[in-house]
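Chemist: Have a peek at input-v1.txt (compact mmCIF, C-alpha atoms).
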# COMPACT_ATOMS: atom_id res chain seq x y z
CA MET M 18 149.33 155.90 -87.13
CA GLN M 19 148.07 153.38 -89.67
CA GLN M 20 144.81 153.11 -91.57
CA SER M 21 143.56 150.58 -94.11
CA HIS M 22 141.67 151.57 -97.23
CA TYR M 23 139.79 149.05 -99.35
CA LEU M 24 139.43 150.00 -103.00
CA PRO M 25 136.68 148.31 -105.06
CA TYR M 26 138.20 146.07 -107.72
CA ARG M 27 136.29 143.65 -109.94
CA ASP M 28 134.50 141.23 -107.61
CA GLY M 29 136.58 142.10 -104.59
CA LYS M 30 138.75 144.85 -103.12
CA LEU M 31 142.36 145.99 -103.03
CA HIS M 32 143.94 146.70 -99.66
CA LEU M 33 146.01 149.88 -99.36
CA ARG M 34 147.71 150.57 -96.03
CA HIS M 35 148.19 154.25 -95.21
CA LEU M 36 151.11 154.95 -92.89
CA LYS M 37 150.38 158.50 -91.85
CA ALA M 38 153.12 161.10 -91.75
CA LEU M 39 154.23 162.18 -88.32
CA PRO M 40 154.91 165.94 -88.13
CA LEU M 41 158.43 166.21 -86.76
CA SER M 42 158.38 169.97 -86.31
CA SER M 43 156.75 173.14 -87.57
CA SER M 44 159.41 173.26 -90.28
CA VAL M 45 158.25 170.02 -91.93
CA ASN M 46 157.40 170.51 -95.59
CA HIS M 47 153.71 169.60 -95.77
CA ASN M 48 153.82 169.66 -99.57
CA ARG M 49 155.91 166.50 -99.75
CA ALA M 50 154.74 164.03 -102.36
CA PRO M 51 153.36 160.79 -100.89
CA ILE M 52 155.07 157.44 -101.46
CA LEU M 53 153.39 154.38 -103.00
CA MET M 54 155.06 151.03 -102.29
CA LEU M 55 154.69 147.74 -104.18
CA HIS M 56 155.81 144.28 -103.07
CA GLY M 57 157.25 141.51 -105.22
CA ALA M 58 156.31 137.92 -106.08
CA MET M 59 155.23 135.51 -103.30
CA SER M 60 154.95 138.55 -101.05
CA ASN M 61 152.61 141.28 -99.87
CA GLY M 62 152.73 144.78 -98.46
CA ARG M 63 153.90 143.66 -95.03
CA VAL M 64 157.45 143.54 -96.38
CA PHE M 65 157.36 147.34 -95.95
CA TYR M 66 155.59 147.70 -92.60
CA SER M 67 154.25 146.05 -89.46
CA PRO M 68 151.42 147.07 -87.09
CA SER M 69 154.08 147.63 -84.42
CA GLY M 70 155.82 150.27 -86.54
CA LYS M 71 158.72 148.35 -88.07
CA GLY M 72 159.79 148.54 -91.71
CA LEU M 73 160.84 151.11 -94.27
CA GLY M 74 157.31 152.42 -94.75
CA CYS M 75 156.88 153.12 -91.04
CA TYR M 76 160.33 154.71 -90.86
CA LEU M 77 159.54 157.12 -93.69
CA ALA M 78 156.20 157.99 -92.10
CA GLU M 79 158.14 158.92 -88.96
CA GLN M 80 160.25 161.22 -91.12
CA GLY M 81 157.14 163.10 -92.25
CA TYR M 82 156.06 161.22 -95.39
CA ASP M 83 152.61 159.85 -96.13
CA VAL M 84 153.24 156.27 -97.23
CA TYR M 85 150.74 153.98 -98.95
CA VAL M 86 151.46 150.25 -99.30
CA LEU M 87 149.51 148.15 -101.81
CA ASP M 88 148.54 144.51 -101.48
CA THR M 89 147.98 143.36 -105.05
CA ALA M 90 144.81 141.38 -105.74
CA GLY M 91 144.59 138.11 -103.83
CA ARG M 92 147.45 138.91 -101.47
CA GLY M 93 147.74 140.38 -98.00
CA GLU M 94 144.39 141.85 -96.97
CA SER M 95 143.09 142.18 -100.53
CA GLU M 96 140.07 140.02 -101.35
CA PRO M 97 139.23 137.49 -102.60
CA ARG M 98 142.34 135.51 -101.75
CA ILE M 99 144.25 133.61 -104.41
CA SER M 100 142.65 130.20 -104.90
CA PRO M 101 142.25 127.58 -107.65
CA ASP M 102 139.49 129.81 -109.08
CA TYR M 103 141.76 132.87 -109.28
CA HIS M 104 142.67 133.58 -112.91
CA MET M 105 144.45 136.96 -112.93
CA GLY M 106 148.14 137.53 -113.54
CA GLN M 107 150.66 140.36 -113.58
CA THR M 108 149.08 142.20 -116.52
CA GLU M 109 146.16 143.18 -114.28
CA VAL M 110 148.62 144.64 -111.74
CA ILE M 111 150.32 146.69 -114.45
CA LEU M 112 147.24 148.00 -116.24
CA GLU M 113 144.61 148.08 -113.48
CA GLN M 114 145.68 147.61 -109.86
CA LEU M 115 148.71 149.89 -109.71
CA PRO M 116 146.90 152.73 -111.57
CA ILE M 117 143.89 152.36 -109.23
CA ALA M 118 146.13 152.66 -106.17
CA HIS M 119 148.10 155.52 -107.73
CA ASP M 120 144.95 157.51 -108.53
CA PHE M 121 143.60 156.96 -105.01
CA VAL M 122 146.84 158.22 -103.44
CA LEU M 123 146.82 161.34 -105.60
CA LYS M 124 143.29 162.21 -104.48
CA HIS M 125 143.60 161.10 -100.85
CA ALA M 126 146.85 163.00 -100.30
CA THR M 127 145.73 165.92 -102.52
CA ALA M 128 149.05 165.60 -104.32
CA GLU M 129 150.25 166.36 -107.84
CA LYS M 130 152.83 163.56 -107.91
CA VAL M 131 153.56 160.27 -106.16
CA HIS M 132 156.93 158.66 -105.40
CA TRP M 133 157.05 155.02 -106.53
CA CYS M 134 159.02 152.52 -104.44
CA ALA M 135 159.23 148.75 -104.99
CA HIS M 136 160.85 145.57 -103.76
CA SER M 137 162.01 142.79 -106.06
CA TRP M 138 159.54 141.90 -108.87
CA GLY M 139 157.40 144.86 -107.82
CA GLY M 140 160.03 147.04 -109.48
CA VAL M 141 159.49 145.26 -112.79
CA LEU M 142 155.71 145.70 -112.53
CA MET M 143 156.05 149.40 -111.65
CA ALA M 144 158.50 149.96 -114.51
CA SER M 145 156.13 148.19 -116.89
CA SER M 146 153.20 150.33 -115.80
CA TYR M 147 155.28 153.49 -116.17
CA ILE M 148 156.39 152.49 -119.67
CA ARG M 149 152.93 151.53 -120.85
CA LEU M 150 150.66 154.20 -119.34
CA ALA M 151 151.71 157.61 -120.64
CA TYR M 152 149.30 159.59 -118.46
CA LEU M 153 150.96 158.23 -115.31
CA ARG M 154 154.47 159.39 -116.16
CA LYS M 155 153.97 163.06 -115.41
CA GLN M 156 152.46 162.07 -112.05
CA VAL M 157 155.43 160.00 -110.81
CA ALA M 158 157.91 162.00 -108.75
CA SER M 159 160.65 159.33 -108.51
CA PHE M 160 161.33 155.62 -108.82
CA VAL M 161 163.20 153.61 -106.15
CA THR M 162 163.74 149.84 -106.18
CA PHE M 163 165.25 147.29 -103.80
CA GLY M 164 166.65 144.15 -105.42
CA SER M 165 164.67 144.54 -108.64
CA LYS M 166 165.71 142.65 -111.75
CA ARG M 167 163.90 141.75 -114.97
CA THR M 168 166.13 138.81 -115.91
CA ILE M 169 168.32 136.42 -113.93
CA LYS M 170 171.52 135.82 -115.84
CA VAL M 171 173.82 135.06 -112.92
CA LYS M 172 175.08 131.46 -112.93
CA SER M 173 175.49 129.52 -109.70
CA PHE M 174 174.40 126.33 -107.98
CA ARG M 175 172.01 128.35 -105.85
CA LYS M 176 170.44 129.91 -108.95
CA THR M 177 170.08 126.47 -110.55
CA MET M 178 168.23 125.15 -107.50
CA MET M 179 166.06 128.20 -106.78
CA VAL M 180 165.19 129.31 -110.30
CA ASP M 181 165.87 126.62 -112.88
CA LEU M 182 164.59 123.68 -110.83
CA PHE M 183 162.09 125.10 -108.35
CA TRP M 184 160.62 128.24 -109.96
CA ASN M 185 160.74 127.13 -113.60
CA ARG M 186 159.87 123.43 -113.16
CA LEU M 187 158.56 122.37 -109.76
CA ALA M 188 156.39 125.44 -109.06
CA PRO M 189 154.38 125.10 -112.32
CA LEU M 190 153.78 121.42 -111.49
CA MET M 191 152.52 122.43 -108.05
CA THR M 192 150.06 124.87 -109.63
CA LYS M 193 148.68 122.07 -111.83
CA TYR M 194 147.87 120.13 -108.67
CA GLN M 195 146.74 123.02 -106.46
CA GLY M 196 145.51 125.52 -109.05
CA TYR M 197 147.92 128.11 -107.61
CA LEU M 198 151.25 128.24 -105.77
CA ALA M 199 150.55 127.96 -102.03
CA ALA M 200 153.80 129.67 -101.07
CA ASP M 201 152.75 130.58 -97.52
CA LYS M 202 151.60 127.02 -96.73
CA TYR M 203 154.99 125.59 -97.70
CA ARG M 204 156.90 128.55 -96.26
CA LEU M 205 158.27 129.50 -99.65
CA GLY M 206 157.35 133.16 -99.25
CA MET M 207 155.11 135.64 -97.47
CA ASP M 208 152.11 135.06 -99.73
CA ASN M 209 150.69 132.95 -102.55
CA GLU M 210 151.13 133.30 -106.28
CA SER M 211 148.54 132.72 -108.98
CA LYS M 212 149.21 130.19 -111.72
CA LEU M 213 149.05 132.81 -114.45
CA SER M 214 151.31 135.26 -112.63
CA LEU M 215 153.86 132.50 -112.02
CA LEU M 216 153.95 131.49 -115.68
CA GLN M 217 154.18 135.11 -116.86
CA THR M 218 157.04 135.75 -114.46
CA ILE M 219 158.92 132.71 -115.74
CA ASP M 220 158.54 133.93 -119.32
CA TRP M 221 159.89 137.39 -118.51
CA VAL M 222 162.80 136.25 -116.36
CA ARG M 223 164.21 133.96 -119.02
CA GLY M 224 162.84 135.58 -122.16
CA ASP M 225 161.70 138.78 -123.82
CA TRP M 226 159.92 141.67 -122.10
CA ILE M 227 156.69 141.17 -124.04
CA ASP M 228 153.16 141.01 -122.64
CA ALA M 229 151.73 137.52 -123.08
CA ASP M 230 148.16 138.83 -123.36
CA ASP M 231 148.48 141.36 -126.18
CA GLN M 232 152.14 141.15 -127.26
CA PHE M 233 152.99 144.69 -126.11
CA ASN M 234 156.77 144.99 -126.44
CA TYR M 235 158.23 146.78 -123.42
CA THR M 236 161.80 146.55 -124.69
CA GLU M 237 160.87 148.54 -127.78
CA ALA M 238 158.62 151.00 -125.93
CA VAL M 239 161.19 151.83 -123.24
CA GLN M 240 163.55 153.28 -125.85
CA ASN M 241 161.44 156.45 -125.96
CA ILE M 242 160.76 156.86 -122.24
CA ASP M 243 161.89 159.77 -120.05
CA TRP M 244 162.25 158.58 -116.46
CA PRO M 245 161.98 160.54 -113.22
CA GLN M 246 164.94 160.53 -110.86
CA SER M 247 165.57 156.87 -110.11
CA TRP M 248 167.58 154.87 -107.59
CA PHE M 249 168.36 151.14 -107.74
CA ILE M 250 169.49 149.50 -104.49
CA ALA M 251 171.07 146.03 -104.36
CA GLY M 252 172.30 143.76 -101.56
CA LYS M 253 175.76 142.18 -101.54
CA LYS M 254 174.33 138.85 -100.32
CA ASP M 255 171.37 138.94 -102.67
CA PHE M 256 172.84 136.07 -104.66
CA VAL M 257 169.88 135.13 -106.89
CA LEU M 258 166.59 137.03 -106.61
CA GLY M 259 168.17 140.46 -106.99
CA ASN M 260 171.80 139.81 -107.78
CA PRO M 261 173.62 143.14 -108.21
CA SER M 262 174.68 142.23 -111.75
CA ASP M 263 171.07 141.51 -112.72
CA VAL M 264 169.93 144.76 -111.09
CA LYS M 265 172.43 146.62 -113.26
CA ASP M 266 171.14 144.75 -116.31
CA MET M 267 167.64 146.03 -115.60
CA MET M 268 168.97 149.56 -115.28
CA LYS M 269 170.58 149.29 -118.70
CA GLU M 270 167.51 147.73 -120.28
CA CYS M 271 165.36 150.60 -118.99
CA GLY M 272 167.83 153.22 -120.21
CA LEU M 273 168.72 154.05 -116.62
CA ALA M 274 172.38 153.03 -116.62
CA ASN M 275 173.30 156.43 -115.16
CA ALA M 276 170.63 156.45 -112.46
CA ASP M 277 171.65 156.35 -108.80
CA TYR M 278 172.89 152.92 -107.70
CA THR M 279 173.87 151.68 -104.24
CA LEU M 280 175.32 148.33 -103.20
CA LEU M 281 174.54 147.52 -99.56
CA ALA M 282 177.84 145.91 -98.59
CA LYS M 283 180.34 146.17 -95.77
CA ARG M 284 183.05 147.21 -98.19
CA LYS M 285 180.85 150.17 -99.11
CA GLY M 286 180.62 151.29 -95.49
CA PHE M 287 177.40 149.57 -94.46
CA LYS M 288 177.00 147.45 -91.33
CA ARG M 289 176.08 144.27 -93.17
CA ASP M 290 176.20 142.54 -96.52
CA TYR M 291 172.43 142.58 -97.02
CA THR M 292 170.23 139.80 -98.41
CA HIS M 293 167.22 140.12 -100.71
CA GLY M 294 164.67 140.47 -97.93
CA GLY M 295 167.10 141.80 -95.34
CA MET M 296 167.41 145.10 -97.20
CA LEU M 297 163.96 145.89 -95.82
CA THR M 298 163.60 143.65 -92.76
CA ASP M 299 167.03 143.49 -91.08
CA LYS M 300 167.04 145.28 -87.74
CA LEU M 301 170.27 147.09 -88.66
CA ALA M 302 168.64 148.68 -91.72
CA VAL M 303 166.86 151.29 -89.58
CA THR M 304 170.10 152.98 -88.61
CA ASP M 305 172.14 151.88 -91.62
CA HIS M 306 170.53 152.76 -94.96
CA PHE M 307 166.95 153.79 -94.10
CA PRO M 308 168.26 157.29 -93.22
CA LEU M 309 169.85 157.46 -96.68
CA VAL M 310 166.48 156.70 -98.26
CA SER M 311 164.88 159.50 -96.27
CA ASP M 312 167.68 161.88 -97.26
CA TRP M 313 167.18 160.92 -100.91
CA TYR M 314 163.49 161.78 -100.75
CA ASN M 315 164.31 165.05 -99.01
CA ARG M 316 165.95 166.20 -102.26
CA PHE M 317 162.53 166.71 -103.84
Would you encode the structure as structure tokens?
Modeler:
Amino acid sequence: MQQSHYLPYRDGKLHLRHLKALPLSSSVNHNRAPILMLHGAMSNGRVFYSPSGKGLGCYLAEQGYDVYVLDTAGRGESEPRISPDYHMGQTEVILEQLPIAHDFVLKHATAEKVHWCAHSWGGVLMASSYIRLAYLRKQVASFVTFGSKRTIKVKSFRKTMMVDLFWNRLAPLMTKYQGYLAADKYRLGMDNESKLSLLQTIDWVRGDWIDADDQFNYTEAVQNIDWPQSWFIAGKKDFVLGNPSDVKDMMKECGLANADYTLLAKRKGFKRDYTHGGMLTDKLAVTDHFPLVSDWYNRF
């Protein structure tokens, strides 16, 4: 069963989709911490679920977990939609939107802690929020990411085309004309991206992990951070947006080099060499690695 919650935010509202836990048996642990999921760039919460019950979020709800999926401001069912008049970037997600959703989940699920789970750039935003907001750390039960990287150091023709030419050069030019990146219109992604968020992402991917608004240095701050149990998942055919080598670089940068790591590849016993989006949307994932994710959460 699914239910939408709309959380007041500035002049609009944030959409939070609640995928309600299905009680499998009388032995189900009803004290399980809920799971909060965050999408990446040019995306929205639907990467984790569908109204028909597909996706990792729906799967985990079937395993007895309350799952909450956030649409960041302007995306998915959050309002107002990204437009030329939209002037927020990723800093607002880190300092405002994610904490608002987190606090709501704690209260709504009457929980003491929340599991954090992210896809792609959502993992960077969640990590940034965790590093920066000390009060949140003791309330996070675990941290799981799919294809999350902070920098893209891999060198390839595909990377040159997708990142160096399109993301770093063409996309900013498109925002000058449109006022924002209309990714859904041009079938570049699931959802649109604001001009400010795009520019901030470019800076972080190819530069230092420093907030453009107030110069907060995440690289320095992370040196003193104690993390919850964490798991980084990468796809063998995720050549650019979450290349396994870049995922490992993020682990090292966060001081999580010894955290759990899984490569979704045939040579590792999986049914497919998974792509960036396919880790969450491929039909084989339900019987391939989704059960492993559920088993991982069952450890808590």
Chemist: Distance table requested - region 262-283 of chain M against region 163-177 of chain M, cut-off 7 Å, all atoms listed in the file: one row per qualifying residue with the closest atom pair and its distance in Å to one decimal, ordered by chain and rising residue number, as a tab-separated table.
Modeler:
residue	atom	partner	partner_atom	distance
M:Asp263	CA	M:Lys166	CA	5.6
M:Val264	CA	M:Lys166	CA	4.8
M:Met267	CA	M:Lys166	CA	5.5
Chemist: Would you mind listing, for every residue of region 204-254 of chain M within 10 Å of region 179-187 of chain M, the two atoms forming the shortest contact and the distance between them in Å to one decimal, using all atoms listed in the file, sorted by chain and ascending residue number, as a Markdown table?
Modeler:
| residue | atom | partner | partner_atom | distance |
| --- | --- | --- | --- | --- |
| M:Leu215 | CA | M:Trp184 | CA | 8.3 |
| M:Leu216 | CA | M:Asn185 | CA | 8.3 |
| M:Thr218 | CA | M:Asn185 | CA | 9.4 |
| M:Ile219 | CA | M:Asn185 | CA | 6.2 |
| M:Asp220 | CA | M:Asn185 | CA | 9.2 |
| M:Val222 | CA | M:Val180 | CA | 9.5 |
| M:Arg223 | CA | M:Asn185 | CA | 9.4 |
Chemist: One number please: CA of Asp208 (chain M) to CA of Asn61 (chain M), in Å, one decimal.
Modeler: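 Taking CA of Asp208 (chain M) as the start and CA of Asn61 (chain M) as the end point, the length is 6.2 Å.
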Chemist: Env of Leu55 (chain M): 6 Å cut, atoms = only C-alpha atoms, seq-sep filter 4 positions within chain, self excluded. Answer as a PyMOL selection string.
Modeler: chain M and resi 87+135+139
Chemist: Keeping only C-alpha atoms, write the selected residues to a file as a CSV table (one decimal), keeping the file's coordinate frame.
Modeler:
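The result, stored in out-v7.csv:
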chain,number,residue,atom,x,y,z
M,87,LEU,CA,149.5,148.2,-101.8
M,135,ALA,CA,159.2,148.8,-105.0
M,139,GLY,CA,157.4,144.9,-107.8
Chemist: Between M:Pro68, M:Gly252, M:Pro25, M:Gly206, which has the minimum distance to Glu113 (chain M) (counting all atoms listed in the file)?
Modeler: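 Of the candidates, the smallest distance to Glu113 (chain M) is held by M:Pro25.
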Chemist: Kindly indicate which residue among M:Lys265, M:His56, M:Lys37, M:Lys300 lies nearest to Asp277 (chain M), using only C-alpha atoms for the distances.
Modeler: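 Answer, going by the shortest atom-to-atom distance: M:Lys265.
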Chemist: Could you please determine the separation between CA of Lys253 (chain M) and CA of Thr292 (chain M) in Å, to one decimal place?
Modeler: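 Taking CA of Lys253 (chain M) as the start and CA of Thr292 (chain M) as the end point, the length is 6.8 Å.
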Chemist: Name all residues at most 10 Å from Gln240 (chain M) (count all atoms listed in the file; drop same-chain ones fewer than 4 positions away) and give them as a list in words.
Modeler: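 Once the nearby chain positions are removed, what remains is Ile148, Tyr235, Thr236, Glu270, Cys271 and Gly272 of chain M.
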Chemist: Would you pick out the contacts of Phe307 (chain M) at 10 Å or less, using all atoms listed in the file, so that residues sharing its chain but fewer than 6 positions from it are not included, and give the list as a VMD selection string?
Modeler: chain M and resid 72 to 74 76 to 77 296 to 297 301 313
Chemist: Applying 12 Å and all atoms listed in the file, which residues near Leu24 (chain M) remain after dropping the ones on its own chain fewer than 3 positions away? List them as a list in words.
Modeler: Ser21, Arg27, Asp28, Gly29, Lys30, Leu31, His32, Leu33, Arg34, Leu87, Asp88, Thr89, Ala90, Glu94, Ser95, Glu96, Glu113, Gln114, Leu115, Pro116, Ile117, Ala118, His119, Asp120, Phe121 and Val122 of chain M
Chemist: In terms of the shortest atom-to-atom distance over all atoms listed in the file, which of M:His104, M:His22, M:Arg154, M:Arg284 is closest to Pro245 (chain M)?
Modeler: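 Nearest to Pro245 (chain M): M:Arg154.
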Chemist: Just how far from CA of His35 (chain M) is CA of Met18 (chain M), in Å to one decimal?
Modeler: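 Result for CA of Met18 (chain M) versus CA of His35 (chain M): 8.3 Å, one decimal.
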Chemist: Return the single residue from M:Tyr26, M:Trp244, M:Ala251, M:Ala58 that is closest to Ala276 (chain M), with distances computed using all atoms listed in the file.
Modeler: M:Trp244
Chemist: Smallest atom-to-atom distance to Tyr23 (chain M): which of M:Gly93, M:Gly57, M:Gly70, M:Gly81, using only C-alpha atoms?
Modeler: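 Checking each candidate against Tyr23 (chain M), we get M:Gly93 as the closest.
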Chemist: Please provide the set of residues having any atom within 8 Å of Ile250 (chain M), restricted to only C-alpha atoms, with same-chain residues fewer than 3 positions apart removed, written as JSON, numbers by chain.
Modeler: {"M": [161, 162, 163, 164, 278, 279, 280, 281]}
Chemist: Keeping only C-alpha atoms, write the selected residues to a file as a compact mmCIF listing (two decimals), keeping the file's coordinate frame.
Modeler:
# COMPACT_ATOMS: atom_id res chain seq x y z
CA VAL M 161 163.20 153.61 -106.15
CA THR M 162 163.74 149.84 -106.18
CA PHE M 163 165.25 147.29 -103.80
CA GLY M 164 166.65 144.15 -105.42
CA TYR M 278 172.89 152.92 -107.70
CA THR M 279 173.87 151.68 -104.24
CA LEU M 280 175.32 148.33 -103.20
CA LEU M 281 174.54 147.52 -99.56
Chemist: Which region 126-244 of chain M residues have any atom within 9 Å of an atom of region 314-317 of chain M, and for each, what is the nearest pair of atoms with distance in Å to one decimal, counting all atoms listed in the file, rows sorted by chain and number, as a tab-separated table?
Modeler:
residue	atom	partner	partner_atom	distance
M:His132	CA	M:Tyr314	CA	8.6
M:Ala158	CA	M:Phe317	CA	8.2
M:Ser159	CA	M:Tyr314	CA	8.6
Chemist: Using all atoms listed in the file, which residue out of M:Ile52, M:Leu142, M:Met268, M:Ala151 lies closest to Ile111 (chain M)?
Modeler: M:Leu142
